[in-house]
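Have a look at start_7.pdb; it's PDB, C-alpha atoms and all ligand atoms:
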```pdb
ATOM      1  CA  MET A   1      28.656  -8.998   0.122  1.00  0.00           C
ATOM      2  CA  SER A   2      27.961  -6.144   2.540  1.00  0.00           C
ATOM      3  CA  THR A   3      26.979  -6.129   6.191  1.00  0.00           C
ATOM      4  CA  HIS A   4      23.227  -6.369   5.633  1.00  0.00           C
ATOM      5  CA  ILE A   5      22.999  -7.600   2.040  1.00  0.00           C
ATOM      6  CA  ASN A   6      24.316 -11.060   1.294  1.00  0.00           C
ATOM      7  CA  ALA A   7      24.758 -10.750  -2.463  1.00  0.00           C
ATOM      8  CA  PRO A   8      27.896 -11.302  -4.538  1.00  0.00           C
ATOM      9  CA  GLU A   9      29.395  -8.459  -6.571  1.00  0.00           C
ATOM     10  CA  GLY A  10      27.368  -7.862  -9.724  1.00  0.00           C
ATOM     11  CA  ALA A  11      24.178  -9.447  -8.349  1.00  0.00           C
ATOM     12  CA  ILE A  12      22.447  -6.072  -7.981  1.00  0.00           C
ATOM     13  CA  ALA A  13      21.492  -3.973 -11.019  1.00  0.00           C
ATOM     14  CA  PRO A  14      22.550  -0.313 -11.387  1.00  0.00           C
ATOM     15  CA  TYR A  15      18.869   0.677 -10.950  1.00  0.00           C
ATOM     16  CA  VAL A  16      16.915  -0.243  -7.830  1.00  0.00           C
ATOM     17  CA  LEU A  17      13.245   0.102  -6.911  1.00  0.00           C
ATOM     18  CA  PHE A  18      13.086   0.561  -3.156  1.00  0.00           C
ATOM     19  CA  PRO A  19       9.811  -0.230  -1.347  1.00  0.00           C
ATOM     20  CA  GLY A  20       9.639  -0.187   2.450  1.00  0.00           C
ATOM     21  CA  ASP A  21       7.963  -3.563   2.692  1.00  0.00           C
ATOM     22  CA  PRO A  22      10.097  -6.577   1.733  1.00  0.00           C
ATOM     23  CA  TYR A  23       6.968  -8.519   0.713  1.00  0.00           C
ATOM     24  CA  ARG A  24       6.152  -5.702  -1.646  1.00  0.00           C
ATOM     25  CA  ALA A  25       9.646  -6.128  -3.099  1.00  0.00           C
ATOM     26  CA  ARG A  26       8.789  -9.776  -3.752  1.00  0.00           C
ATOM     27  CA  TRP A  27       5.419  -8.827  -5.250  1.00  0.00           C
ATOM     28  CA  ILE A  28       7.021  -6.228  -7.568  1.00  0.00           C
ATOM     29  CA  ALA A  29       9.702  -8.701  -8.674  1.00  0.00           C
ATOM     30  CA  GLU A  30       7.185 -11.488  -9.336  1.00  0.00           C
ATOM     31  CA  THR A  31       4.623  -9.225 -11.032  1.00  0.00           C
ATOM     32  CA  PHE A  32       6.708  -6.868 -13.151  1.00  0.00           C
ATOM     33  CA  LEU A  33      10.165  -8.359 -13.723  1.00  0.00           C
ATOM     34  CA  ASP A  34      11.282 -11.165 -16.011  1.00  0.00           C
ATOM     35  CA  ASP A  35      13.635 -13.826 -14.635  1.00  0.00           C
ATOM     36  CA  ALA A  36      13.610 -12.312 -11.131  1.00  0.00           C
ATOM     37  CA  LYS A  37      16.127 -13.972  -8.811  1.00  0.00           C
ATOM     38  CA  LEU A  38      16.299 -13.521  -5.048  1.00  0.00           C
ATOM     39  CA  TYR A  39      19.713 -12.161  -3.979  1.00  0.00           C
ATOM     40  CA  ASN A  40      19.072 -11.305  -0.336  1.00  0.00           C
ATOM     41  CA  GLU A  41      17.083 -12.546   2.607  1.00  0.00           C
ATOM     42  CA  VAL A  42      19.222 -11.363   5.529  1.00  0.00           C
ATOM     43  CA  ARG A  43      16.749 -10.184   8.225  1.00  0.00           C
ATOM     44  CA  GLY A  44      13.959 -10.961   5.763  1.00  0.00           C
ATOM     45  CA  MET A  45      14.809  -7.789   3.817  1.00  0.00           C
ATOM     46  CA  LEU A  46      14.208  -9.373   0.433  1.00  0.00           C
ATOM     47  CA  GLY A  47      16.059  -8.223  -2.681  1.00  0.00           C
ATOM     48  CA  TYR A  48      15.573  -9.428  -6.252  1.00  0.00           C
ATOM     49  CA  THR A  49      17.178  -8.753  -9.622  1.00  0.00           C
ATOM     50  CA  GLY A  50      15.430  -9.292 -12.943  1.00  0.00           C
ATOM     51  CA  THR A  51      14.752  -7.390 -16.133  1.00  0.00           C
ATOM     52  CA  TYR A  52      12.033  -5.015 -17.315  1.00  0.00           C
ATOM     53  CA  LYS A  53      11.817  -4.511 -21.096  1.00  0.00           C
ATOM     54  CA  GLY A  54      15.318  -5.948 -21.277  1.00  0.00           C
ATOM     55  CA  VAL A  55      16.849  -3.574 -18.699  1.00  0.00           C
ATOM     56  CA  ARG A  56      18.344  -5.097 -15.523  1.00  0.00           C
ATOM     57  CA  VAL A  57      16.526  -3.796 -12.468  1.00  0.00           C
ATOM     58  CA  SER A  58      16.654  -4.769  -8.795  1.00  0.00           C
ATOM     59  CA  VAL A  59      13.997  -4.409  -6.129  1.00  0.00           C
ATOM     60  CA  GLN A  60      15.186  -4.109  -2.536  1.00  0.00           C
ATOM     61  CA  GLY A  61      13.126  -3.728   0.653  1.00  0.00           C
ATOM     62  CA  SER A  62      14.241  -0.788   2.812  1.00  0.00           C
ATOM     63  CA  GLY A  63      12.273  -1.278   6.016  1.00  0.00           C
ATOM     64  CA  MET A  64      10.416   1.626   7.616  1.00  0.00           C
ATOM     65  CA  GLY A  65      12.021   4.907   8.661  1.00  0.00           C
ATOM     66  CA  GLN A  66      15.254   6.634   7.756  1.00  0.00           C
ATOM     67  CA  PRO A  67      17.623   4.602   9.981  1.00  0.00           C
ATOM     68  CA  SER A  68      16.626   1.295   8.359  1.00  0.00           C
ATOM     69  CA  MET A  69      16.357   2.721   4.846  1.00  0.00           C
ATOM     70  CA  ALA A  70      19.762   4.410   5.175  1.00  0.00           C
ATOM     71  CA  ILE A  71      21.537   1.126   5.918  1.00  0.00           C
ATOM     72  CA  TYR A  72      20.300  -0.409   2.672  1.00  0.00           C
ATOM     73  CA  ALA A  73      20.676   2.743   0.553  1.00  0.00           C
ATOM     74  CA  HIS A  74      24.251   3.213   1.820  1.00  0.00           C
ATOM     75  CA  GLU A  75      25.240  -0.378   1.061  1.00  0.00           C
ATOM     76  CA  LEU A  76      23.539  -0.347  -2.364  1.00  0.00           C
ATOM     77  CA  MET A  77      25.508   2.719  -3.433  1.00  0.00           C
ATOM     78  CA  ASN A  78      28.752   2.164  -1.533  1.00  0.00           C
ATOM     79  CA  ASP A  79      29.172  -1.618  -1.917  1.00  0.00           C
ATOM     80  CA  TYR A  80      27.174  -2.446  -5.056  1.00  0.00           C
ATOM     81  CA  ASP A  81      27.744   0.720  -7.113  1.00  0.00           C
ATOM     82  CA  VAL A  82      24.020   1.304  -7.598  1.00  0.00           C
ATOM     83  CA  GLN A  83      23.491   4.408  -9.752  1.00  0.00           C
ATOM     84  CA  ALA A  84      19.813   5.200  -9.207  1.00  0.00           C
ATOM     85  CA  ILE A  85      17.315   4.365  -6.483  1.00  0.00           C
ATOM     86  CA  ILE A  86      13.582   4.963  -6.792  1.00  0.00           C
ATOM     87  CA  ARG A  87      11.623   4.658  -3.591  1.00  0.00           C
ATOM     88  CA  VAL A  88       8.125   3.342  -4.292  1.00  0.00           C
ATOM     89  CA  GLY A  89       5.986   3.720  -1.198  1.00  0.00           C
ATOM     90  CA  THR A  90       2.953   5.210   0.443  1.00  0.00           C
ATOM     91  CA  ALA A  91       2.392   8.546   2.144  1.00  0.00           C
ATOM     92  CA  GLY A  92      -0.335  10.128   4.223  1.00  0.00           C
ATOM     93  CA  GLY A  93      -2.013  13.095   2.504  1.00  0.00           C
ATOM     94  CA  MET A  94      -1.517  16.402   4.341  1.00  0.00           C
ATOM     95  CA  ALA A  95      -2.718  19.115   1.947  1.00  0.00           C
ATOM     96  CA  PRO A  96      -6.362  19.646   0.949  1.00  0.00           C
ATOM     97  CA  GLU A  97      -5.477  19.488  -2.755  1.00  0.00           C
ATOM     98  CA  VAL A  98      -4.112  15.942  -2.395  1.00  0.00           C
ATOM     99  CA  LYS A  99      -6.555  13.044  -2.498  1.00  0.00           C
ATOM    100  CA  VAL A 100      -6.124   9.404  -1.601  1.00  0.00           C
ATOM    101  CA  ARG A 101      -4.826   7.384  -4.562  1.00  0.00           C
ATOM    102  CA  ASP A 102      -2.914  10.403  -5.921  1.00  0.00           C
ATOM    103  CA  VAL A 103       0.673   9.633  -6.815  1.00  0.00           C
ATOM    104  CA  VAL A 104       3.151  12.182  -5.478  1.00  0.00           C
ATOM    105  CA  ILE A 105       6.549  12.474  -7.135  1.00  0.00           C
ATOM    106  CA  ALA A 106       8.708  14.102  -4.473  1.00  0.00           C
ATOM    107  CA  SER A 107      10.804  17.041  -5.639  1.00  0.00           C
ATOM    108  CA  THR A 108      12.062  17.524  -2.075  1.00  0.00           C
ATOM    109  CA  ALA A 109      11.488  16.322   1.482  1.00  0.00           C
ATOM    110  CA  SER A 110      11.495  18.187   4.787  1.00  0.00           C
ATOM    111  CA  THR A 111      12.372  16.203   7.892  1.00  0.00           C
ATOM    112  CA  ASP A 112      12.407  16.265  11.682  1.00  0.00           C
ATOM    113  CA  SER A 113      15.008  13.521  11.642  1.00  0.00           C
ATOM    114  CA  ALA A 114      17.983  13.616  13.943  1.00  0.00           C
ATOM    115  CA  MET A 115      19.958  11.991  11.106  1.00  0.00           C
ATOM    116  CA  ASN A 116      20.240  15.199   9.103  1.00  0.00           C
ATOM    117  CA  ARG A 117      20.998  17.204  12.247  1.00  0.00           C
ATOM    118  CA  ALA A 118      23.882  14.813  12.907  1.00  0.00           C
ATOM    119  CA  ARG A 119      25.231  15.518   9.409  1.00  0.00           C
ATOM    120  CA  PHE A 120      24.607  19.237   9.083  1.00  0.00           C
ATOM    121  CA  GLY A 121      24.315  20.650  12.606  1.00  0.00           C
ATOM    122  CA  ASP A 122      22.441  23.951  12.568  1.00  0.00           C
ATOM    123  CA  VAL A 123      22.256  24.104   8.780  1.00  0.00           C
ATOM    124  CA  THR A 124      18.879  23.112   7.341  1.00  0.00           C
ATOM    125  CA  TYR A 125      19.994  21.035   4.379  1.00  0.00           C
ATOM    126  CA  ALA A 126      17.416  20.813   1.566  1.00  0.00           C
ATOM    127  CA  PRO A 127      17.319  17.233   0.231  1.00  0.00           C
ATOM    128  CA  ALA A 128      16.323  17.249  -3.437  1.00  0.00           C
ATOM    129  CA  ALA A 129      15.306  14.678  -6.031  1.00  0.00           C
ATOM    130  CA  ASP A 130      17.583  14.003  -8.983  1.00  0.00           C
ATOM    131  CA  PHE A 131      16.219  16.258 -11.708  1.00  0.00           C
ATOM    132  CA  GLU A 132      16.778  13.867 -14.631  1.00  0.00           C
ATOM    133  CA  LEU A 133      15.054  11.019 -12.819  1.00  0.00           C
ATOM    134  CA  LEU A 134      12.214  13.337 -11.816  1.00  0.00           C
ATOM    135  CA  ARG A 135      11.795  14.566 -15.391  1.00  0.00           C
ATOM    136  CA  LEU A 136      11.874  11.052 -16.857  1.00  0.00           C
ATOM    137  CA  THR A 137       9.319   9.840 -14.299  1.00  0.00           C
ATOM    138  CA  VAL A 138       6.983  12.745 -15.086  1.00  0.00           C
ATOM    139  CA  GLU A 139       7.381  11.990 -18.808  1.00  0.00           C
ATOM    140  CA  ALA A 140       6.607   8.315 -18.169  1.00  0.00           C
ATOM    141  CA  ALA A 141       3.493   9.272 -16.183  1.00  0.00           C
ATOM    142  CA  GLU A 142       2.308  11.612 -18.946  1.00  0.00           C
ATOM    143  CA  ALA A 143       3.014   9.099 -21.727  1.00  0.00           C
ATOM    144  CA  GLN A 144       0.842   6.557 -19.911  1.00  0.00           C
ATOM    145  CA  GLU A 145      -1.744   9.117 -18.838  1.00  0.00           C
ATOM    146  CA  LEU A 146      -1.168   8.239 -15.198  1.00  0.00           C
ATOM    147  CA  PRO A 147      -2.202  11.038 -12.818  1.00  0.00           C
ATOM    148  CA  TYR A 148       0.560  12.469 -10.628  1.00  0.00           C
ATOM    149  CA  ARG A 149       1.587  15.498  -8.592  1.00  0.00           C
ATOM    150  CA  VAL A 150       5.071  16.869  -8.046  1.00  0.00           C
ATOM    151  CA  GLY A 151       5.830  18.474  -4.692  1.00  0.00           C
ATOM    152  CA  GLY A 152       7.361  18.183  -1.258  1.00  0.00           C
ATOM    153  CA  LEU A 153       6.970  15.379   1.274  1.00  0.00           C
ATOM    154  CA  PHE A 154       7.598  15.376   5.015  1.00  0.00           C
ATOM    155  CA  SER A 155       9.849  12.529   6.149  1.00  0.00           C
ATOM    156  CA  ALA A 156       8.837  12.053   9.775  1.00  0.00           C
ATOM    157  CA  ASP A 157      10.734  10.031  12.345  1.00  0.00           C
ATOM    158  CA  GLN A 158       7.568   9.109  14.197  1.00  0.00           C
ATOM    159  CA  PHE A 159       4.519   7.465  12.632  1.00  0.00           C
ATOM    160  CA  TYR A 160       2.639   7.983  15.925  1.00  0.00           C
ATOM    161  CA  ASN A 161       3.604  11.572  16.646  1.00  0.00           C
ATOM    162  CA  PRO A 162       1.925  13.067  19.741  1.00  0.00           C
ATOM    163  CA  ASN A 163       2.886  16.576  18.586  1.00  0.00           C
ATOM    164  CA  PRO A 164       2.047  16.740  14.911  1.00  0.00           C
ATOM    165  CA  ILE A 165       3.614  19.499  12.872  1.00  0.00           C
ATOM    166  CA  THR A 166       1.824  18.407   9.735  1.00  0.00           C
ATOM    167  CA  GLN A 167      -0.696  21.293   9.594  1.00  0.00           C
ATOM    168  CA  THR A 168       2.082  23.889   9.623  1.00  0.00           C
ATOM    169  CA  LEU A 169       3.969  22.031   6.916  1.00  0.00           C
ATOM    170  CA  ALA A 170       0.789  21.676   4.839  1.00  0.00           C
ATOM    171  CA  ASN A 171       0.382  25.464   5.104  1.00  0.00           C
ATOM    172  CA  TYR A 172       3.784  25.691   3.432  1.00  0.00           C
ATOM    173  CA  GLY A 173       2.785  23.440   0.538  1.00  0.00           C
ATOM    174  CA  VAL A 174       4.002  20.040   1.754  1.00  0.00           C
ATOM    175  CA  LEU A 175       1.765  17.408   0.193  1.00  0.00           C
ATOM    176  CA  GLY A 176       2.224  14.265   2.254  1.00  0.00           C
ATOM    177  CA  VAL A 177       3.989  12.504   5.121  1.00  0.00           C
ATOM    178  CA  GLU A 178       6.108   9.384   4.926  1.00  0.00           C
ATOM    179  CA  MET A 179       9.299   8.298   6.657  1.00  0.00           C
ATOM    180  CA  GLU A 180      12.231   7.838   4.256  1.00  0.00           C
ATOM    181  CA  THR A 181      12.643  10.338   1.417  1.00  0.00           C
ATOM    182  CA  ALA A 182      14.763  13.057   3.077  1.00  0.00           C
ATOM    183  CA  GLY A 183      17.354  10.485   4.124  1.00  0.00           C
ATOM    184  CA  LEU A 184      17.385   8.824   0.716  1.00  0.00           C
ATOM    185  CA  TYR A 185      17.958  12.121  -1.113  1.00  0.00           C
ATOM    186  CA  THR A 186      20.691  13.087   1.331  1.00  0.00           C
ATOM    187  CA  LEU A 187      22.543   9.792   0.867  1.00  0.00           C
ATOM    188  CA  ALA A 188      22.233   9.961  -2.917  1.00  0.00           C
ATOM    189  CA  ALA A 189      23.807  13.424  -2.755  1.00  0.00           C
ATOM    190  CA  GLN A 190      26.625  12.065  -0.566  1.00  0.00           C
ATOM    191  CA  PHE A 191      27.417   9.343  -3.108  1.00  0.00           C
ATOM    192  CA  GLY A 192      26.737  11.461  -6.216  1.00  0.00           C
ATOM    193  CA  ARG A 193      23.958   9.137  -7.367  1.00  0.00           C
ATOM    194  CA  LYS A 194      20.379   9.582  -8.454  1.00  0.00           C
ATOM    195  CA  ALA A 195      17.349   9.163  -6.202  1.00  0.00           C
ATOM    196  CA  LEU A 196      13.635   9.779  -6.423  1.00  0.00           C
ATOM    197  CA  SER A 197      10.607   8.965  -4.289  1.00  0.00           C
ATOM    198  CA  VAL A 198       7.252   8.161  -5.812  1.00  0.00           C
ATOM    199  CA  CYS A 199       4.490   7.687  -3.241  1.00  0.00           C
ATOM    200  CA  THR A 200       0.839   6.729  -3.433  1.00  0.00           C
ATOM    201  CA  ILE A 201      -1.356   8.632  -0.978  1.00  0.00           C
ATOM    202  CA  SER A 202      -2.767   5.731   1.040  1.00  0.00           C
ATOM    203  CA  ASP A 203      -4.644   7.713   3.708  1.00  0.00           C
ATOM    204  CA  HIS A 204      -5.415  11.338   4.488  1.00  0.00           C
ATOM    205  CA  LEU A 205      -4.583  13.153   7.715  1.00  0.00           C
ATOM    206  CA  LEU A 206      -7.162  15.933   7.156  1.00  0.00           C
ATOM    207  CA  THR A 207     -10.123  13.970   5.830  1.00  0.00           C
ATOM    208  CA  GLY A 208      -9.473  10.607   7.496  1.00  0.00           C
ATOM    209  CA  GLU A 209     -10.110   9.024   4.094  1.00  0.00           C
ATOM    210  CA  GLU A 210      -8.424   5.687   3.456  1.00  0.00           C
ATOM    211  CA  THR A 211      -7.945   3.509   0.405  1.00  0.00           C
ATOM    212  CA  SER A 212      -9.313   0.004   0.167  1.00  0.00           C
ATOM    213  CA  ALA A 213      -6.779  -2.770  -0.328  1.00  0.00           C
ATOM    214  CA  GLN A 214      -7.869  -3.108  -3.951  1.00  0.00           C
ATOM    215  CA  GLU A 215      -7.596   0.624  -4.685  1.00  0.00           C
ATOM    216  CA  ARG A 216      -4.162   0.695  -3.095  1.00  0.00           C
ATOM    217  CA  GLN A 217      -3.101  -2.189  -5.287  1.00  0.00           C
ATOM    218  CA  GLU A 218      -4.346  -0.573  -8.515  1.00  0.00           C
ATOM    219  CA  THR A 219      -2.674   2.748  -7.755  1.00  0.00           C
ATOM    220  CA  PHE A 220       0.426   0.913  -6.652  1.00  0.00           C
ATOM    221  CA  ASP A 221       0.511  -0.851 -10.025  1.00  0.00           C
ATOM    222  CA  SER A 222       0.529   2.429 -11.939  1.00  0.00           C
ATOM    223  CA  MET A 223       3.212   3.828  -9.661  1.00  0.00           C
ATOM    224  CA  ILE A 224       5.468   0.824 -10.292  1.00  0.00           C
ATOM    225  CA  VAL A 225       4.964   1.112 -14.054  1.00  0.00           C
ATOM    226  CA  MET A 226       5.863   4.822 -13.839  1.00  0.00           C
ATOM    227  CA  ALA A 227       9.078   3.994 -11.962  1.00  0.00           C
ATOM    228  CA  LEU A 228      10.063   1.119 -14.265  1.00  0.00           C
ATOM    229  CA  GLU A 229       9.429   3.171 -17.408  1.00  0.00           C
ATOM    230  CA  ALA A 230      11.630   5.909 -15.923  1.00  0.00           C
ATOM    231  CA  VAL A 231      14.378   3.309 -15.393  1.00  0.00           C
ATOM    232  CA  VAL A 232      14.160   2.245 -19.054  1.00  0.00           C
ATOM    233  CA  ALA A 233      14.384   5.898 -20.160  1.00  0.00           C
ATOM    234  CA  LEU A 234      17.296   6.527 -17.776  1.00  0.00           C
ATOM    235  CA  ASP A 235      19.149   3.509 -19.156  1.00  0.00           C
ATOM    236  CA  LYS A 236      18.659   4.810 -22.710  1.00  0.00           C
ATOM    237  CA  SER A 237      19.951   8.215 -21.671  1.00  0.00           C
ATOM    238  CA  ALA A 238      22.986   6.577 -19.968  1.00  0.00           C
ATOM    239  CA  ASP A 239      23.668   4.604 -23.190  1.00  0.00           C
ATOM    240  CA  LYS A 240      23.575   7.819 -25.180  1.00  0.00           C
ATOM    241  CA  LYS A 241      25.984   9.523 -22.768  1.00  0.00           C
ATOM    242  CA  ARG A 242      28.355   6.510 -22.941  1.00  0.00           C
ATOM    243  CA  ALA A 243      28.332   6.660 -26.756  1.00  0.00           C
ATOM    244  CA  GLN A 244      29.249  10.373 -26.822  1.00  0.00           C
TER     245      GLN A 244
HETATM  246  N1  LIG W   1       2.628   8.808   8.422  1.00  0.00           N
HETATM  247  C1  LIG W   1       3.847   8.350   8.093  1.00  0.00           C
HETATM  248  N2  LIG W   1       4.049   7.545   7.081  1.00  0.00           N
HETATM  249  C2  LIG W   1       2.998   7.174   6.334  1.00  0.00           C
HETATM  250  C3  LIG W   1       1.720   7.610   6.615  1.00  0.00           C
HETATM  251  C4  LIG W   1       1.533   8.479   7.713  1.00  0.00           C
HETATM  252  O1  LIG W   1       0.406   8.909   8.035  1.00  0.00           O
HETATM  253  N3  LIG W   1       0.861   7.053   5.710  1.00  0.00           N
HETATM  254  C5  LIG W   1       1.638   6.302   4.888  1.00  0.00           C
HETATM  255  N4  LIG W   1       2.923   6.371   5.260  1.00  0.00           N
END
```

Translate this file's structure into C-alpha cells.
Amino acid sequence: MSTHINAPEGAIAPYVLFPGDPYRARWIAETFLDDAKLYNEVRGMLGYTGTYKGVRVSVQGSGMGQPSMAIYAHELMNDYDVQAIIRVGTAGGMAPEVKVRDVVIASTASTDSAMNRARFGDVTYAPAADFELLRLTVEAAEAQELPYRVGGLFSADQFYNPNPITQTLANYGVLGVEMETAGLYTLAAQFGRKALSVCTISDHLLTGEETSAQERQETFDSMIVMALEAVVALDKSADKKRAQ
C-alpha cells in the first residue's frame, strides 16, 4: 500500500501501461488483458493487473499533467518496484509533418514545467526515453506494420496557454504537445527504471484538424498493441539477461 495506491505488495506487475484517463485504464484492461483484476480505486484513479500473451501487465491511470502523473509514477517505482512504464496517451500535433492519427513514440520531451526547475535549477535537463524500450516499441510497430514517428514532445503545464510557445518549438523539430512525458522520463531516470511515451495525435494546433471518436479509438487500439507487444519483448529480453 502507498499513499495514493491501495494495493498490497505484489499486486502490480513489473510493467505498467500508463494512460492519463482512468476510464481508459479500465477500457485497456477489459479489452486487451486476460484475467484483469482491479487493484486500485483511490480517488477514482483505477489500476488493473492482468496478463497479455502470458506476461503480467498492469494498467494505471495517471491523471492529467506532471504533478498528478508524478505521484503515481513515483509510487509505482518506489513502492511497487515497477521496472518499466509506458505512457499511452494523446498529443496535439505541432509540426506540419505530423498528421492527426499519427502515433508518436517520444525519444525526448521538452518542458516548461516548474517541476524540473525545482530539481535542476538553471540546468536544462534533457529527459530521454529508455533506449531498449524505444527500440522494442519501434520493432513491434514495424512487425505489425503500424505507422509511427519517433521524435520529441513538449510536455506543457498548461492546456489552455495564453502565451503559446509551440510554434518556436515546432521550428526546432518538436512534433506534438501533451502534459506528462518530461516528468515521467525524469522520474524513471531518478529510479533507474525504464519509461517511454507513445502518443496518438488527437488534434492539430496548426491545421485545427481533429479526430472523430471512432478514428481515435482505432488509432488508440494500434498504439496499445504496440505498447503491449513491446512489454512482451522486454520481458523476453529480461528473461535472457536473468539466464546469463
Ligand atoms: N495540449 C496539451 N495536451 C494535449 C493536447 C494539447 O493540445 N492534445 C492532446 N493532449

Quiz item: What residues come out when you apply the PyMOL selection byres (((not hetatm)) within 10 of (chain W and resi 1)) to this file, written as a VMD selection string?
Solution: chain A and resid 20 64 to 65 89 to 94 154 to 161 166 176 to 180 199 to 205 210

Hey, can you spit out that residue selection with C-alpha atoms as a compact mmCIF listing (two decimals), in the frame of the given file?
```
# COMPACT_ATOMS: atom_id res chain seq x y z
CA GLY A 20 9.64 -0.19 2.45
CA MET A 64 10.42 1.63 7.62
CA GLY A 65 12.02 4.91 8.66
CA GLY A 89 5.99 3.72 -1.20
CA THR A 90 2.95 5.21 0.44
CA ALA A 91 2.39 8.55 2.14
CA GLY A 92 -0.34 10.13 4.22
CA GLY A 93 -2.01 13.10 2.50
CA MET A 94 -1.52 16.40 4.34
CA PHE A 154 7.60 15.38 5.01
CA SER A 155 9.85 12.53 6.15
CA ALA A 156 8.84 12.05 9.78
CA ASP A 157 10.73 10.03 12.34
CA GLN A 158 7.57 9.11 14.20
CA PHE A 159 4.52 7.46 12.63
CA TYR A 160 2.64 7.98 15.92
CA ASN A 161 3.60 11.57 16.65
CA THR A 166 1.82 18.41 9.74
CA GLY A 176 2.22 14.26 2.25
CA VAL A 177 3.99 12.50 5.12
CA GLU A 178 6.11 9.38 4.93
CA MET A 179 9.30 8.30 6.66
CA GLU A 180 12.23 7.84 4.26
CA CYS A 199 4.49 7.69 -3.24
CA THR A 200 0.84 6.73 -3.43
CA ILE A 201 -1.36 8.63 -0.98
CA SER A 202 -2.77 5.73 1.04
CA ASP A 203 -4.64 7.71 3.71
CA HIS A 204 -5.42 11.34 4.49
CA LEU A 205 -4.58 13.15 7.72
CA GLU A 210 -8.42 5.69 3.46
```

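Nearest-residue note for Leu228 in chain A: choosing from A:Asn40, A:Thr137, A:Gln144, A:Thr111, the minimum distance belongs to A:Thr137, counting all atoms listed in the file.
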
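Of the listed residues (A:Asp81, A:Asp122, A:Asp35, A:Glu215), A:Asp81 comes nearest to Arg193 in chain A; the distances count only C-alpha atoms.
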
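Checking A:Ser58, A:Asn6, A:Asn78, A:Gln167 one by one against Glu30 in chain A, counting only C-alpha atoms, you find the shortest gap at A:Ser58.
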
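The residues returned by the PyMOL selection byres (((chain A and resi 17) around 8) and not hetatm) on the shown structure are Tyr15, Val16, Phe18, Pro19, Val57, Ser58, Val59, Gln60, Ile85, Ile86, Arg87, Val88 and Ala227 of chain A.
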
Quiz item: Any idea what the distance is between CA of Ala243 in chain A and CA of Thr51 in chain A?
Solution: 22.2 Å

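By chain and then residue number, the residues within 9 Å of Gln83 in chain A are Ala13, Pro14, Tyr15, Val16, Leu76, Met77, Ala188, Gly192, Arg193, Lys194 and Ala195 of chain A, counting only C-alpha atoms and disregarding those fewer than 3 positions away in sequence.
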
With C-alpha atoms retained, write the just-selected residues as an mmCIF file, in the coordinates of the input.
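Final output, saved to result17.cif:
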```
data_model
loop_
_atom_site.group_PDB
_atom_site.id
_atom_site.type_symbol
_atom_site.label_atom_id
_atom_site.label_comp_id
_atom_site.auth_asym_id
_atom_site.auth_seq_id
_atom_site.Cartn_x
_atom_site.Cartn_y
_atom_site.Cartn_z
ATOM 1 C CA ALA A 13 21.492 -3.973 -11.019
ATOM 2 C CA PRO A 14 22.550 -0.313 -11.387
ATOM 3 C CA TYR A 15 18.869 0.677 -10.950
ATOM 4 C CA VAL A 16 16.915 -0.243 -7.830
ATOM 5 C CA LEU A 76 23.539 -0.347 -2.364
ATOM 6 C CA MET A 77 25.508 2.719 -3.433
ATOM 7 C CA ALA A 188 22.233 9.961 -2.917
ATOM 8 C CA GLY A 192 26.737 11.461 -6.216
ATOM 9 C CA ARG A 193 23.958 9.137 -7.367
ATOM 10 C CA LYS A 194 20.379 9.582 -8.454
ATOM 11 C CA ALA A 195 17.349 9.163 -6.202
#
```

What's the 8 Å shell around Gly183 in chain A, counting only C-alpha atoms, without same-chain residues fewer than 5 positions away, as an mmCIF file with C-alpha atoms, in the frame of the given file?
```cif
data_model
loop_
_atom_site.group_PDB
_atom_site.id
_atom_site.type_symbol
_atom_site.label_atom_id
_atom_site.label_comp_id
_atom_site.auth_asym_id
_atom_site.auth_seq_id
_atom_site.Cartn_x
_atom_site.Cartn_y
_atom_site.Cartn_z
ATOM 1 C CA GLN A 66 15.254 6.634 7.756
ATOM 2 C CA MET A 69 16.357 2.721 4.846
ATOM 3 C CA ALA A 70 19.762 4.410 5.175
ATOM 4 C CA MET A 115 19.958 11.991 11.106
ATOM 5 C CA ASN A 116 20.240 15.199 9.103
ATOM 6 C CA PRO A 127 17.319 17.233 0.231
#
```

Practice problem: Check what the PyMOL selection byres (((chain A and resi 53) around 9) and not hetatm) selects in the file above and give those residues as an MDAnalysis selection string. | Solution: chainID A and resid 33:34 51:52 54:56 229 232

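Residues with any atom within 12 Å of Glu97 in chain A, counting all atoms listed in the file and excluding same-chain neighbours fewer than 6 positions away, are Val104, Arg149, Gly151, Ala170, Asn171, Gly173, Val174, Leu175, Gly176, Ile201, His204, Leu206 and Thr207 of chain A.
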
Saved selection, atoms kept: C-alpha atoms, as a compact mmCIF listing (two decimals), keeping the file's coordinate frame:
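The result, stored in part_7.txt:
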```txt
# COMPACT_ATOMS: atom_id res chain seq x y z
CA VAL A 104 3.15 12.18 -5.48
CA ARG A 149 1.59 15.50 -8.59
CA GLY A 151 5.83 18.47 -4.69
CA ALA A 170 0.79 21.68 4.84
CA ASN A 171 0.38 25.46 5.10
CA GLY A 173 2.78 23.44 0.54
CA VAL A 174 4.00 20.04 1.75
CA LEU A 175 1.76 17.41 0.19
CA GLY A 176 2.22 14.26 2.25
CA ILE A 201 -1.36 8.63 -0.98
CA HIS A 204 -5.42 11.34 4.49
CA LEU A 206 -7.16 15.93 7.16
CA THR A 207 -10.12 13.97 5.83
```

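In this structure, CA of Val138 in chain A sits 27.9 Å away from CA of Ser113 in chain A.
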
Just need the box for range 19-28 of chain A, edges along x, y and z, holding every atom the file lists for it with 6 Å tacked onto each side, so centre and edge lengths in Å to one decimal, as AutoDock Vina command-line options.
```
--center_x 7.8 --center_y -5.0 --center_z -2.4 --size_x 16.7 --size_y 21.6 --size_z 22.3
```

Set the distance at 8 Å and use only C-alpha atoms: which residues neighbour Tyr23 in chain A once local chain neighbours fewer than 4 positions away are removed? I'd like the list as a PDB file with C-alpha atoms, in the frame of the given file.
```pdb
ATOM      1  CA  TRP A  27       5.419  -8.827  -5.250  1.00  0.00           C
ATOM      2  CA  LEU A  46      14.208  -9.373   0.433  1.00  0.00           C
ATOM      3  CA  GLY A  61      13.126  -3.728   0.653  1.00  0.00           C
TER       4      GLY A  61
END
```

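CA of Asp221 in chain A lies 26.8 Å from CA of His74 in chain A.
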
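Remark: for Tyr172 in chain A, the closest of the candidate residues A:Ala189, A:Ala84, A:Ala106, A:Leu153 is A:Leu153 (distances computed over all atoms listed in the file).
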